[in-house]
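Since the structure comes first, as structure tokens, the remarks are kept for the end.
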Amino acid sequence: MPRLQLETATDVLNLDDILNKGVGVQALRGTVGLGLPEVSVQWLEGAGDGAMFRGQRVLPRDIDLPLHIKANSRAEMKALLNKLSRMLAGECTLRLVEDDGSDWSVRVRRVGGGNYSYGLDTIGEKDFSTVITFRAGDPFWIYSRTSSTKVENSGSGRSLLKGLATMQVSASQAIGKMLLDNTGSAPAYPVWLVHGPGSGLEVVSNTGQGFKWNGTLGANDILTIDTKAGTVVDQAGANRYADLAAAPRFWPIPPGRTSVTASLLNTSAGTIVAKGGVLWKNLVTNPRFESAPTTTPIRTNLMPNPVLANDASNWGAVGASSAARSTEQNRYGGTVASYKTVATGGVTFGGYANSLAGSVVAGDPVYGSMYVYSSAALDFKINVEFKDSANVKLSTVSGSVVSVPANTWTRVGGYGGLAPANTSYVTVACYTTGTLPAAGDVAYFDAALIEKSTSMENFFEGSWSASGIYTHRWTGTAHASTSEMLAPLATGQEGSAGLDITPLLRDTFTRSVTGGVGTSDSGATYTTGGGTTANYWVDGSRLNVKATTPGITYEVIPSAPTALADFDITMLIHTPDLVADPSNPRINIQARRVDGNNFVEARVWFTDANITTSLLNRSGGVDTSTTAYPGIAGSTTNSPVRVRFQGTGNKLRLRGWLDGTAEPTTWAHEWTCSHTAAGPARFATVFPAAYAKGVPATWQFDDLTVTNPTIREGAAQDWFHCWADGSAGSRYGRWRVLPGTPAPKWRVARSKALSRTEIVAGQKYTLLMRMRVQGWGSPGITVALANPGYGNRVMDAVTVSSVGSAWKDVRVVFTAQADASVDSTIGLYCGLPLNPPAAGSGHGTFDIAYWAVVPGDYTGTYFDGDNKDTEIAGYYDWTGTPHASVSTNSLAEVQGRSSITCTWRPRNWMVI
């Protein structure tokens with residue numbers, strides 16, 4: 001229920017304490033003066049009947065407030081009376097407090113009362129009653145809650161109008177109709193608060209009352225116009241009343257709704273700035289591929305003299321009575337010549353173009369084309385001829401027949417398929433077919449294009465000017481070397497065919513298996529040797545092998561790959577409970593195992609002091625091995641370590657490193673072996689019979705991968721490219737594979753533009769991406785944050801299914817498995833479809849519009865430092881160079897925005 005409260009600047013008395021607490025001060029029934037105040041009315045009496053109202057003035061309000069004081073003791077009673085007396089000695093505020101916490105108040109002074117009748121009102125012990133008479137010079141009850149409305153320059157040439165339609169004005173104005181809703185029963189005097197910059201303030205009510213202020217405010221100036229006090233001051237307290245135009249009317253706001261027009265000239269929308277600390281970070285430093293300071297070749301014309309700019313080198317003729325460079329015709333205005341051939345008559349004739357020796361190797365797809373200008377309407381076709389270094393023709397593939405109209409440049413092309421073994425260069429021959437030419441018929445050939453592709457692409461050569469984002473260059477002497485088309489390459493953007501996060505054998509042992517090993521992530525199964533199946537189990541994170549008997553070798557044998565000559569094997573090894581002794585238990589990692597007498601082997605020794613490594617070659621049952629046993633830096637017997645064992649041809653390599661540290665860039669062993677035949681891989685724990693420190697001991701394995709190191713970056717790069725497509729401001733990362741090209745073992749799109757130092761093991765992060773695939777159907781894309789070999793990974797691979805031609809948003813919340821700072825190659829890795837689109841169809845492209853790594857479980861939308869700053873979304877910024885640094889999102893506030901605010905506190909004639 002409502003209650004009365006009396007207060008001064010230093011004290012407060014709740015006038016219902018006896019009701020609520022049993023002691024204190026209580027306002028009693030019989031209070032007078034809370035209703036309508038007295039008024040003094042002026043009447044004009046004339047000669048006629050009655051009088052005419054001239055006006056009125058509201059008189060001060062008198063309030064008689066009966067009070068009762070109850071205390072627990074005389075001393076407490078005296079303290080309460082002293083407090084009341086001190087408060088009544090000066091100005092007080094009397095409040096009527098509502099149930100919702102709001103209140104209505106008047107400023108009062110005591111003008112009488114406060115006396116008592118001894119023996120009737122008190123006996124001087126615990127009770128006291130009296131009546132206090134207050135007078136309020138301003139008789140209106142004022143509401144505690146302020147009402148306000150604002151008009152401001154919100155940018156883009158429009159004001160921000162709360163609750164009503166905005167009026168179109170110039171960009172330097174704030175103007176609008178303000179709706180002032182006075183919920184009180186009496187008129188309320190507003191305070192006008194004007195934030196600069198601005199000048200020429202004008203405020204007019206719907207009744208025509210108003211004022212104009214002709215002064216000027218700076219960007220940080222504030223003008224306050226108090227219409228009740230009749231004052232005009234700025235933020236420094238300086239009087240600015242003199243800037244008012246003549247006859248200002250500071251009118252009160254009547255009860256109900258009043259429409260007001262307020263305007264200010266020469267305003268500003270202000271600046272959004274950061275408020276407080278950073279809320280979120282995007283740790284990707286080039287998230288939209290906008291930073292593209294370098295270029296990369298995406299197409300190569302293997303014909304070194306495609307437009308005969310200087311001579312006819314690398315051109316030739318078939319079946320012609322004469323052939324030579326001619327300036328009579330040319331395909332493009334920038335060229336001055338073509339290759340002219342004259343028909344002998346009755347036999348096929350034409351021209352051909354050669355690529356440079358060594359420009360094509362086995363497995364390359366080749367497409368050849370050129371333009372033909374014939375004096376007669378004839379049919380032409382292309383032959384793609386593959387030749388070795390001795391100029392011996394290895395194979396020929398013919399293209400489709402093209403009808404060439406007379407005296408019209410027409411393009412003829414053909415796909416030669418994949419180059420056979422021993423290919424060194426290609427001849428692209430364009431000649432007549434079907435109807436034989438007449439003697440004297442002439443054909444000109446120009447703009448030859450030979451490239452590693454499966455379909456006809458637009459012609460280009462190295463002298464061409466830039467076109468959009470694409471530029472062109474010669475790789476050597478102009479018109480005597482191959483030429484390239486180049487596109488921007490984004491910082492951190494890479495692509496490779498052959499190296500992927502899905503090796504031939506991969507196992508993270510995240511399953512649970514009792515009495516065996518189960519099936520690997522890549523589908524291989526395992527058999528075991530030594531002991532029983534009870535010695536082998538998978539606990540959801542690692543493979544465990546318990547060695548219970550000295551002298552027994554415990555083996556783990558995967559079913560695939562079955563025959564691998566060149567190999568790269570990585571794994572984590574840990575024995576948490578082994579007690580080392582001089583017999584030196586070890587782990588053997590075998591590859592190329594044809595049988596028990598032919599294999600190569602990496603050995604990891606667990607000594608009393610540390611963990612060491614060596615290599616062994618067994619050929620025909622005869623062993624040779626390295627003599628050095630380098631230790632793994634920082635290791636002890638029970639340290640978890642990672643090893644990489646690699647073989648290419650007759651070279652074996654081995655290195656090891658502590659788990660959680662960066663993989664070394666150098667090898668502990670580089671050794672020549674004699675056994676190079678293909679065979680499967682396996683690994684085993686070797687427990688010497690002389691081991692005497694106690695059993696059992698548990699060996700743990702994790703992150704097993706087996707790959708082919710010869711299928712590496714660049715193996716298919718001639719037809720798998722990446723670049724930053726689109727124009728500046730709307731770029732995206734693109735990776736493209738040409739249709740019909742060979743399928744490599746793996747194909748990866750990646751970006752390393754990441755602040756790795758801010759990704760810490762055990763912390764939660766959110767990965768955001770937007771991606772699409774075109775020309776490949778709707779495949780699944782494998783996404784991870786890892787290094788190329790997947791040995792150092794921050795986020796395990798996840799598969800995003802059904803990625804199609806429409807942009808698809810991806811969100812993955814993960815806990816970092818390692819510090820990203822341990823490996824400078826850690827970044828975003830996307831495993832792409834292996835099989836390219838079929839020959840004759842469109843390119844296969846994979847695009848990333850943006851990506852972000854945000855610390856924490858982030859539920860918002862993508863952002864970077866270029867996001868538009870708003871008061872709601874926040875303030876966005878780059879911590880350094882735009883598109884080359886971390887970006888942040890903070891709370892925002894507006895500084896320097898021009899605005900006009902009207903505030904008032906409703907007033908009531910009476911309260912109850």
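By convention here, the chains of the structure tokens are called A, B, ... in the order presented, each chain's residues are numbered starting at 1, and ligands are numbered starting at 1 in the order presented.
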message = Residues near region 228-239 of chain A, anyone? I mean within 10 Å using only C-alpha atoms, not counting same-chain ones fewer than 4 positions away, as a list in words.
response =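 Listing them by chain and then by number gives Ala188, Tyr189, Pro190, Val191, Trp192, Leu193, Val194, His195, Trp213, Leu217, Asn220, Asp221, Ile222, Leu223, Thr224, Asp243, Leu244, Arg249, Phe250, Trp251 and Pro252 of chain A.
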Grab the residues selected above and save them as an mmCIF file, in the first residue's frame with C-alpha atoms.
```
data_model
loop_
_atom_site.group_PDB
_atom_site.id
_atom_site.type_symbol
_atom_site.label_atom_id
_atom_site.label_comp_id
_atom_site.auth_asym_id
_atom_site.auth_seq_id
_atom_site.Cartn_x
_atom_site.Cartn_y
_atom_site.Cartn_z
ATOM 1 C CA ALA A 188 4.822 20.044 -16.509
ATOM 2 C CA TYR A 189 7.762 22.295 -17.348
ATOM 3 C CA PRO A 190 10.261 20.547 -19.643
ATOM 4 C CA VAL A 191 14.056 20.737 -19.719
ATOM 5 C CA TRP A 192 15.523 20.829 -23.232
ATOM 6 C CA LEU A 193 18.939 19.169 -23.571
ATOM 7 C CA VAL A 194 20.769 19.839 -26.847
ATOM 8 C CA HIS A 195 23.963 17.945 -27.773
ATOM 9 C CA TRP A 213 18.098 29.855 -30.070
ATOM 10 C CA LEU A 217 27.387 24.357 -30.242
ATOM 11 C CA ASN A 220 31.215 18.218 -27.312
ATOM 12 C CA ASP A 221 28.953 21.093 -26.223
ATOM 13 C CA ILE A 222 25.682 20.627 -24.359
ATOM 14 C CA LEU A 223 22.976 23.265 -24.017
ATOM 15 C CA THR A 224 20.424 23.023 -21.184
ATOM 16 C CA ASP A 243 21.482 33.821 -27.918
ATOM 17 C CA LEU A 244 17.711 33.393 -27.692
ATOM 18 C CA ARG A 249 7.857 31.333 -24.941
ATOM 19 C CA PHE A 250 8.908 28.681 -22.407
ATOM 20 C CA TRP A 251 5.603 26.909 -22.184
ATOM 21 C CA PRO A 252 4.618 24.010 -19.913
#
```
query = Arg655 (chain A): which residues within 9 Å, counting only C-alpha atoms, same-chain residues fewer than 6 positions away excluded, as JSON, numbers by chain?
reply = {"A": [613, 632, 642, 643, 644, 645, 663, 664, 666, 667, 668, 669]}
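Distance-wise, CA of Trp735 (chain A) and CA of Leu768 (chain A) end up 18.9 Å apart.
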key: Filtered DSSP result for region 51-157 of chain A, state strand (DSSP E), as a VMD selection string   = chain A and resid 52 to 58 61 to 70 92 to 97 103 to 113 127 to 136 141 to 143 147 to 153
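The environment of Gly333 (chain A) within 12 Å, counting only C-alpha atoms and disregarding residues fewer than 5 places along the same chain, consists of A:Val307, A:Ala309, A:Thr327, A:Ser338, A:Asp446, A:Ala447, A:Trp464.
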Using only N, CA and C atoms, please write the residues we just selected to a file, as a PDB file, in the first residue's frame.
```
ATOM      1  N   VAL A 307      51.079 -16.173 -81.090  1.00  0.00           N
ATOM      2  CA  VAL A 307      50.513 -15.203 -82.033  1.00  0.00           C
ATOM      3  C   VAL A 307      51.543 -14.734 -83.064  1.00  0.00           C
ATOM      4  N   ALA A 309      54.348 -13.207 -83.061  1.00  0.00           N
ATOM      5  CA  ALA A 309      54.654 -11.785 -82.930  1.00  0.00           C
ATOM      6  C   ALA A 309      55.919 -11.393 -83.676  1.00  0.00           C
ATOM      7  N   THR A 327      51.349 -11.267 -92.444  1.00  0.00           N
ATOM      8  CA  THR A 327      50.672 -10.140 -91.798  1.00  0.00           C
ATOM      9  C   THR A 327      49.343  -9.818 -92.463  1.00  0.00           C
ATOM     10  N   SER A 338      49.873 -14.053 -88.564  1.00  0.00           N
ATOM     11  CA  SER A 338      49.320 -15.388 -88.393  1.00  0.00           C
ATOM     12  C   SER A 338      50.171 -16.336 -89.238  1.00  0.00           C
ATOM     13  N   ASP A 446      46.192 -18.932 -86.024  1.00  0.00           N
ATOM     14  CA  ASP A 446      46.654 -17.942 -85.059  1.00  0.00           C
ATOM     15  C   ASP A 446      46.114 -18.307 -83.670  1.00  0.00           C
ATOM     16  N   ALA A 447      46.660 -17.638 -82.645  1.00  0.00           N
ATOM     17  CA  ALA A 447      46.184 -17.753 -81.254  1.00  0.00           C
ATOM     18  C   ALA A 447      46.121 -19.205 -80.802  1.00  0.00           C
ATOM     19  N   TRP A 464      49.179  -9.978 -72.940  1.00  0.00           N
ATOM     20  CA  TRP A 464      47.855  -9.421 -72.773  1.00  0.00           C
ATOM     21  C   TRP A 464      47.778  -8.518 -71.550  1.00  0.00           C
TER      22      TRP A 464
END
```
With 12 Å as the cut-off and only C-alpha atoms counted, what is the closest atom pair between each nearby residue of region 705-781 of chain A and region 673-697 of chain A? Distances in Å to one decimal, ordered by chain and number, as JSON lines.
```
{"residue": "A:Thr705", "atom": "CA", "partner": "A:Ala681", "partner_atom": "CA", "distance": 10.8}
{"residue": "A:Val706", "atom": "CA", "partner": "A:Ala681", "partner_atom": "CA", "distance": 8.5}
{"residue": "A:Thr707", "atom": "CA", "partner": "A:Ala681", "partner_atom": "CA", "distance": 11.0}
{"residue": "A:Asn708", "atom": "CA", "partner": "A:Ala678", "partner_atom": "CA", "distance": 11.6}
```
Include N, CA, C and O atoms and write out the residues we just selected as a PDB file, in the first residue's frame.
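So the final result, stored in out-v7.pdb, reads:
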```
ATOM      1  N   THR A 705      49.060 -42.873 -38.381  1.00  0.00           N
ATOM      2  CA  THR A 705      48.788 -42.539 -39.776  1.00  0.00           C
ATOM      3  C   THR A 705      49.826 -43.214 -40.656  1.00  0.00           C
ATOM      4  O   THR A 705      51.002 -43.328 -40.291  1.00  0.00           O
ATOM      5  N   VAL A 706      49.374 -43.660 -41.807  1.00  0.00           N
ATOM      6  CA  VAL A 706      50.268 -44.192 -42.842  1.00  0.00           C
ATOM      7  C   VAL A 706      49.892 -43.518 -44.149  1.00  0.00           C
ATOM      8  O   VAL A 706      48.735 -43.614 -44.590  1.00  0.00           O
ATOM      9  N   THR A 707      50.847 -42.814 -44.763  1.00  0.00           N
ATOM     10  CA  THR A 707      50.602 -42.132 -46.022  1.00  0.00           C
ATOM     11  C   THR A 707      51.708 -42.460 -47.004  1.00  0.00           C
ATOM     12  O   THR A 707      52.724 -43.066 -46.652  1.00  0.00           O
ATOM     13  N   ASN A 708      51.494 -42.050 -48.247  1.00  0.00           N
ATOM     14  CA  ASN A 708      52.512 -42.188 -49.288  1.00  0.00           C
ATOM     15  C   ASN A 708      53.180 -40.835 -49.481  1.00  0.00           C
ATOM     16  O   ASN A 708      52.563 -39.912 -50.006  1.00  0.00           O
TER      17      ASN A 708
END
```
inquiry  = So that I can see what lies close to Thr870 (chain A), please list as a PyMOL selection string the residues with an atom at most 10 Å from it, counting only C-alpha atoms and leaving out residues fewer than 2 positions away in the same chain.
reply    = chain A and resi 271-273+867-868+872-876+891-894
Generate a file of the selected residues that holds N, CA, C and O atoms, formatted as a PDB file, in the first residue's frame.
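Done, and the output landed in result14.pdb:
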```pdb
ATOM      1  N   THR A 271      30.241   9.646 -34.029  1.00  0.00           N
ATOM      2  CA  THR A 271      31.166   8.536 -34.258  1.00  0.00           C
ATOM      3  C   THR A 271      30.909   7.443 -33.236  1.00  0.00           C
ATOM      4  O   THR A 271      30.779   7.718 -32.041  1.00  0.00           O
ATOM      5  N   ILE A 272      30.834   6.206 -33.720  1.00  0.00           N
ATOM      6  CA  ILE A 272      30.689   5.065 -32.815  1.00  0.00           C
ATOM      7  C   ILE A 272      32.076   4.643 -32.354  1.00  0.00           C
ATOM      8  O   ILE A 272      32.971   4.411 -33.173  1.00  0.00           O
ATOM      9  N   VAL A 273      32.274   4.534 -31.076  1.00  0.00           N
ATOM     10  CA  VAL A 273      33.566   4.159 -30.506  1.00  0.00           C
ATOM     11  C   VAL A 273      33.376   2.993 -29.554  1.00  0.00           C
ATOM     12  O   VAL A 273      32.253   2.679 -29.133  1.00  0.00           O
ATOM     13  N   ASN A 867      33.296  -5.182 -40.043  1.00  0.00           N
ATOM     14  CA  ASN A 867      31.855  -5.138 -39.789  1.00  0.00           C
ATOM     15  C   ASN A 867      31.402  -3.718 -39.473  1.00  0.00           C
ATOM     16  O   ASN A 867      32.146  -2.929 -38.890  1.00  0.00           O
ATOM     17  N   LYS A 868      30.184  -3.400 -39.849  1.00  0.00           N
ATOM     18  CA  LYS A 868      29.631  -2.069 -39.590  1.00  0.00           C
ATOM     19  C   LYS A 868      29.409  -1.892 -38.091  1.00  0.00           C
ATOM     20  O   LYS A 868      28.776  -2.709 -37.442  1.00  0.00           O
ATOM     21  N   ILE A 872      23.963  -1.381 -31.346  1.00  0.00           N
ATOM     22  CA  ILE A 872      23.436  -2.672 -30.912  1.00  0.00           C
ATOM     23  C   ILE A 872      24.467  -3.783 -31.106  1.00  0.00           C
ATOM     24  O   ILE A 872      24.780  -4.536 -30.178  1.00  0.00           O
ATOM     25  N   ALA A 873      24.993  -3.909 -32.322  1.00  0.00           N
ATOM     26  CA  ALA A 873      25.937  -4.990 -32.612  1.00  0.00           C
ATOM     27  C   ALA A 873      27.290  -4.753 -31.964  1.00  0.00           C
ATOM     28  O   ALA A 873      27.994  -5.709 -31.617  1.00  0.00           O
ATOM     29  N   GLY A 874      27.694  -3.495 -31.800  1.00  0.00           N
ATOM     30  CA  GLY A 874      28.954  -3.206 -31.149  1.00  0.00           C
ATOM     31  C   GLY A 874      29.946  -2.537 -32.076  1.00  0.00           C
ATOM     32  O   GLY A 874      29.636  -2.157 -33.211  1.00  0.00           O
ATOM     33  N   TYR A 875      31.153  -2.403 -31.565  1.00  0.00           N
ATOM     34  CA  TYR A 875      32.246  -1.746 -32.269  1.00  0.00           C
ATOM     35  C   TYR A 875      33.247  -2.808 -32.719  1.00  0.00           C
ATOM     36  O   TYR A 875      33.658  -3.665 -31.937  1.00  0.00           O
ATOM     37  N   TYR A 876      33.619  -2.763 -33.990  1.00  0.00           N
ATOM     38  CA  TYR A 876      34.525  -3.753 -34.571  1.00  0.00           C
ATOM     39  C   TYR A 876      35.820  -3.081 -34.995  1.00  0.00           C
ATOM     40  O   TYR A 876      35.822  -1.958 -35.502  1.00  0.00           O
ATOM     41  N   LEU A 891      31.629  -3.543 -26.887  1.00  0.00           N
ATOM     42  CA  LEU A 891      30.445  -2.713 -26.738  1.00  0.00           C
ATOM     43  C   LEU A 891      30.696  -1.357 -27.393  1.00  0.00           C
ATOM     44  O   LEU A 891      31.849  -0.934 -27.525  1.00  0.00           O
ATOM     45  N   ALA A 892      29.631  -0.678 -27.794  1.00  0.00           N
ATOM     46  CA  ALA A 892      29.790   0.568 -28.532  1.00  0.00           C
ATOM     47  C   ALA A 892      28.993   1.694 -27.893  1.00  0.00           C
ATOM     48  O   ALA A 892      27.976   1.461 -27.232  1.00  0.00           O
ATOM     49  N   GLU A 893      29.483   2.891 -28.089  1.00  0.00           N
ATOM     50  CA  GLU A 893      28.734   4.080 -27.731  1.00  0.00           C
ATOM     51  C   GLU A 893      28.985   5.138 -28.795  1.00  0.00           C
ATOM     52  O   GLU A 893      29.988   5.070 -29.516  1.00  0.00           O
ATOM     53  N   VAL A 894      28.053   6.089 -28.881  1.00  0.00           N
ATOM     54  CA  VAL A 894      28.161   7.141 -29.883  1.00  0.00           C
ATOM     55  C   VAL A 894      28.684   8.411 -29.222  1.00  0.00           C
ATOM     56  O   VAL A 894      28.174   8.838 -28.180  1.00  0.00           O
TER      57      VAL A 894
END
```
message = List as an NGL selection string the protein and nucleic acid residues near Ser841 (chain A), meaning an atom at most 8 Å away when only C-alpha atoms are counted, but skip any in the same chain fewer than 4 places from it.
response = :A and (739 or 775 or 837)
task = Find the distance between CA of Ala524 (chain A) and CA of Ile826 (chain A) and write it in Å to one decimal.
result =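 Answer for the CA of Ala524 (chain A) to CA of Ile826 (chain A) separation: 27.0 Å.
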ask   = Hey, what's within 9 Å of Met1 (chain A) if we count only C-alpha atoms and toss same-chain stuff fewer than 3 positions away? As JSON, numbers by chain, please?
value = {"A": [97, 98, 99]}
What's the 9 Å shell around region 530-547 of chain A, counting only C-alpha atoms, without same-chain residues fewer than 2 positions away, as a short mmCIF file (atom, residue, chain, number, x, y, z; two decimals) with N, CA, C and O atoms, in the first residue's frame?
```
data_model
loop_
_atom_site.label_atom_id
_atom_site.label_comp_id
_atom_site.auth_asym_id
_atom_site.auth_seq_id
_atom_site.Cartn_x
_atom_site.Cartn_y
_atom_site.Cartn_z
N THR A 508 42.59 -42.83 -34.62
CA THR A 508 42.69 -42.01 -33.41
C THR A 508 42.21 -42.78 -32.18
O THR A 508 42.21 -42.23 -31.09
N PHE A 509 41.77 -44.04 -32.37
CA PHE A 509 41.44 -44.95 -31.28
C PHE A 509 40.41 -44.35 -30.31
O PHE A 509 40.53 -44.48 -29.09
N THR A 510 39.40 -43.71 -30.87
CA THR A 510 38.36 -43.10 -30.01
C THR A 510 37.24 -44.10 -29.68
O THR A 510 36.31 -43.73 -28.96
N ARG A 511 37.34 -45.31 -30.18
CA ARG A 511 36.33 -46.31 -29.89
C ARG A 511 36.70 -47.04 -28.59
O ARG A 511 37.77 -46.82 -28.02
N SER A 512 35.82 -47.92 -28.13
CA SER A 512 36.08 -48.77 -26.97
C SER A 512 35.98 -50.23 -27.41
O SER A 512 34.93 -50.65 -27.91
N VAL A 513 37.06 -50.96 -27.24
CA VAL A 513 37.11 -52.37 -27.64
C VAL A 513 37.78 -53.16 -26.53
O VAL A 513 38.84 -52.76 -26.02
N THR A 514 37.19 -54.26 -26.16
CA THR A 514 37.78 -55.16 -25.18
C THR A 514 38.20 -56.44 -25.88
O THR A 514 37.41 -57.03 -26.63
N GLY A 515 39.45 -56.87 -25.67
CA GLY A 515 39.92 -58.10 -26.29
C GLY A 515 40.21 -57.96 -27.76
O GLY A 515 39.75 -58.75 -28.58
N GLY A 516 40.94 -56.95 -28.16
CA GLY A 516 41.30 -56.72 -29.55
C GLY A 516 41.50 -55.25 -29.83
O GLY A 516 41.54 -54.42 -28.92
N VAL A 517 41.59 -54.92 -31.14
CA VAL A 517 41.88 -53.55 -31.54
C VAL A 517 40.71 -52.92 -32.28
O VAL A 517 40.52 -51.71 -32.23
N GLY A 518 39.90 -53.72 -32.96
CA GLY A 518 38.75 -53.17 -33.67
C GLY A 518 39.10 -52.67 -35.05
O GLY A 518 40.08 -53.09 -35.67
N THR A 528 46.40 -59.42 -34.20
CA THR A 528 47.42 -59.27 -33.17
C THR A 528 48.25 -60.54 -33.09
O THR A 528 47.81 -61.63 -33.50
N THR A 549 54.67 -60.95 -20.30
CA THR A 549 55.71 -61.98 -20.21
C THR A 549 56.97 -61.53 -20.93
O THR A 549 56.92 -61.26 -22.14
N PRO A 550 58.10 -61.41 -20.24
CA PRO A 550 59.36 -61.07 -20.93
C PRO A 550 59.70 -62.11 -21.99
O PRO A 550 59.43 -63.31 -21.84
N ILE A 552 58.43 -62.13 -25.05
CA ILE A 552 57.37 -62.24 -26.04
C ILE A 552 57.24 -60.91 -26.78
O ILE A 552 57.28 -59.84 -26.17
N THR A 553 57.08 -60.96 -28.10
CA THR A 553 56.82 -59.77 -28.92
C THR A 553 55.32 -59.67 -29.14
O THR A 553 54.69 -60.61 -29.63
N TYR A 554 54.75 -58.52 -28.78
CA TYR A 554 53.32 -58.28 -28.93
C TYR A 554 53.13 -57.42 -30.16
O TYR A 554 53.55 -56.25 -30.19
N GLU A 555 52.46 -57.97 -31.21
CA GLU A 555 52.37 -57.30 -32.51
C GLU A 555 50.96 -56.80 -32.80
O GLU A 555 49.97 -57.45 -32.42
N VAL A 556 50.88 -55.65 -33.51
CA VAL A 556 49.62 -55.11 -34.02
C VAL A 556 49.79 -54.96 -35.53
O VAL A 556 50.68 -54.24 -35.99
N THR A 685 55.62 -54.35 -29.71
CA THR A 685 56.38 -54.10 -28.49
C THR A 685 57.29 -55.29 -28.26
O THR A 685 56.86 -56.44 -28.31
N VAL A 686 58.54 -55.00 -28.05
CA VAL A 686 59.54 -56.05 -27.86
C VAL A 686 60.00 -56.01 -26.41
O VAL A 686 60.58 -55.01 -25.96
N PHE A 687 59.72 -57.08 -25.71
CA PHE A 687 60.05 -57.19 -24.29
C PHE A 687 61.16 -58.23 -24.15
O PHE A 687 60.90 -59.44 -24.20
N VAL A 695 56.92 -57.04 -14.44
CA VAL A 695 55.83 -57.01 -15.40
C VAL A 695 54.53 -57.07 -14.60
O VAL A 695 54.52 -57.51 -13.43
N PRO A 696 53.40 -56.70 -15.18
CA PRO A 696 53.26 -56.27 -16.57
C PRO A 696 53.62 -54.79 -16.75
O PRO A 696 53.75 -54.06 -15.79
N ALA A 697 53.74 -54.41 -18.03
CA ALA A 697 53.93 -53.02 -18.42
C ALA A 697 52.97 -52.72 -19.57
O ALA A 697 52.80 -53.56 -20.46
N THR A 698 52.36 -51.53 -19.55
CA THR A 698 51.37 -51.18 -20.57
C THR A 698 51.99 -50.21 -21.56
O THR A 698 52.59 -49.19 -21.17
N TRP A 699 51.80 -50.51 -22.86
CA TRP A 699 52.24 -49.62 -23.92
C TRP A 699 51.00 -49.02 -24.56
O TRP A 699 50.04 -49.72 -24.85
N GLN A 700 51.03 -47.72 -24.78
CA GLN A 700 49.88 -47.03 -25.36
C GLN A 700 50.26 -46.40 -26.69
O GLN A 700 51.38 -45.90 -26.85
N PHE A 701 49.30 -46.43 -27.65
CA PHE A 701 49.52 -45.90 -28.99
C PHE A 701 48.33 -45.02 -29.38
O PHE A 701 47.19 -45.29 -29.01
N ASP A 702 48.62 -43.98 -30.17
CA ASP A 702 47.55 -43.07 -30.62
C ASP A 702 47.99 -42.38 -31.91
O ASP A 702 49.18 -42.37 -32.26
N ASP A 703 47.01 -41.80 -32.59
CA ASP A 703 47.26 -40.96 -33.78
C ASP A 703 48.14 -41.68 -34.81
O ASP A 703 49.12 -41.13 -35.31
#
```
Would you give me, as a PDB file with N, CA and C atoms, in the first residue's frame, the residues in region 715-783 of chain A that DSSP reads as helix (DSSP H, G or I)?
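The resulting out_2.pdb:
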```pdb
ATOM      1  N   GLN A 717      49.364 -30.082 -59.049  1.00  0.00           N
ATOM      2  CA  GLN A 717      49.128 -28.655 -58.990  1.00  0.00           C
ATOM      3  C   GLN A 717      48.901 -28.021 -60.357  1.00  0.00           C
ATOM      4  N   ASP A 718      49.341 -28.662 -61.419  1.00  0.00           N
ATOM      5  CA  ASP A 718      49.144 -28.064 -62.731  1.00  0.00           C
ATOM      6  C   ASP A 718      47.668 -27.958 -63.090  1.00  0.00           C
ATOM      7  N   TRP A 719      46.833 -28.730 -62.470  1.00  0.00           N
ATOM      8  CA  TRP A 719      45.403 -28.591 -62.751  1.00  0.00           C
ATOM      9  C   TRP A 719      44.564 -28.483 -61.467  1.00  0.00           C
ATOM     10  N   ARG A 756      48.059 -18.188 -34.069  1.00  0.00           N
ATOM     11  CA  ARG A 756      48.203 -19.457 -33.365  1.00  0.00           C
ATOM     12  C   ARG A 756      48.559 -19.286 -31.892  1.00  0.00           C
ATOM     13  N   THR A 757      49.226 -18.187 -31.534  1.00  0.00           N
ATOM     14  CA  THR A 757      49.647 -18.016 -30.145  1.00  0.00           C
ATOM     15  C   THR A 757      48.467 -17.856 -29.191  1.00  0.00           C
ATOM     16  N   GLU A 758      47.292 -17.533 -29.718  1.00  0.00           N
ATOM     17  CA  GLU A 758      46.133 -17.311 -28.870  1.00  0.00           C
ATOM     18  C   GLU A 758      45.230 -18.533 -28.770  1.00  0.00           C
TER      19      GLU A 758
END
```
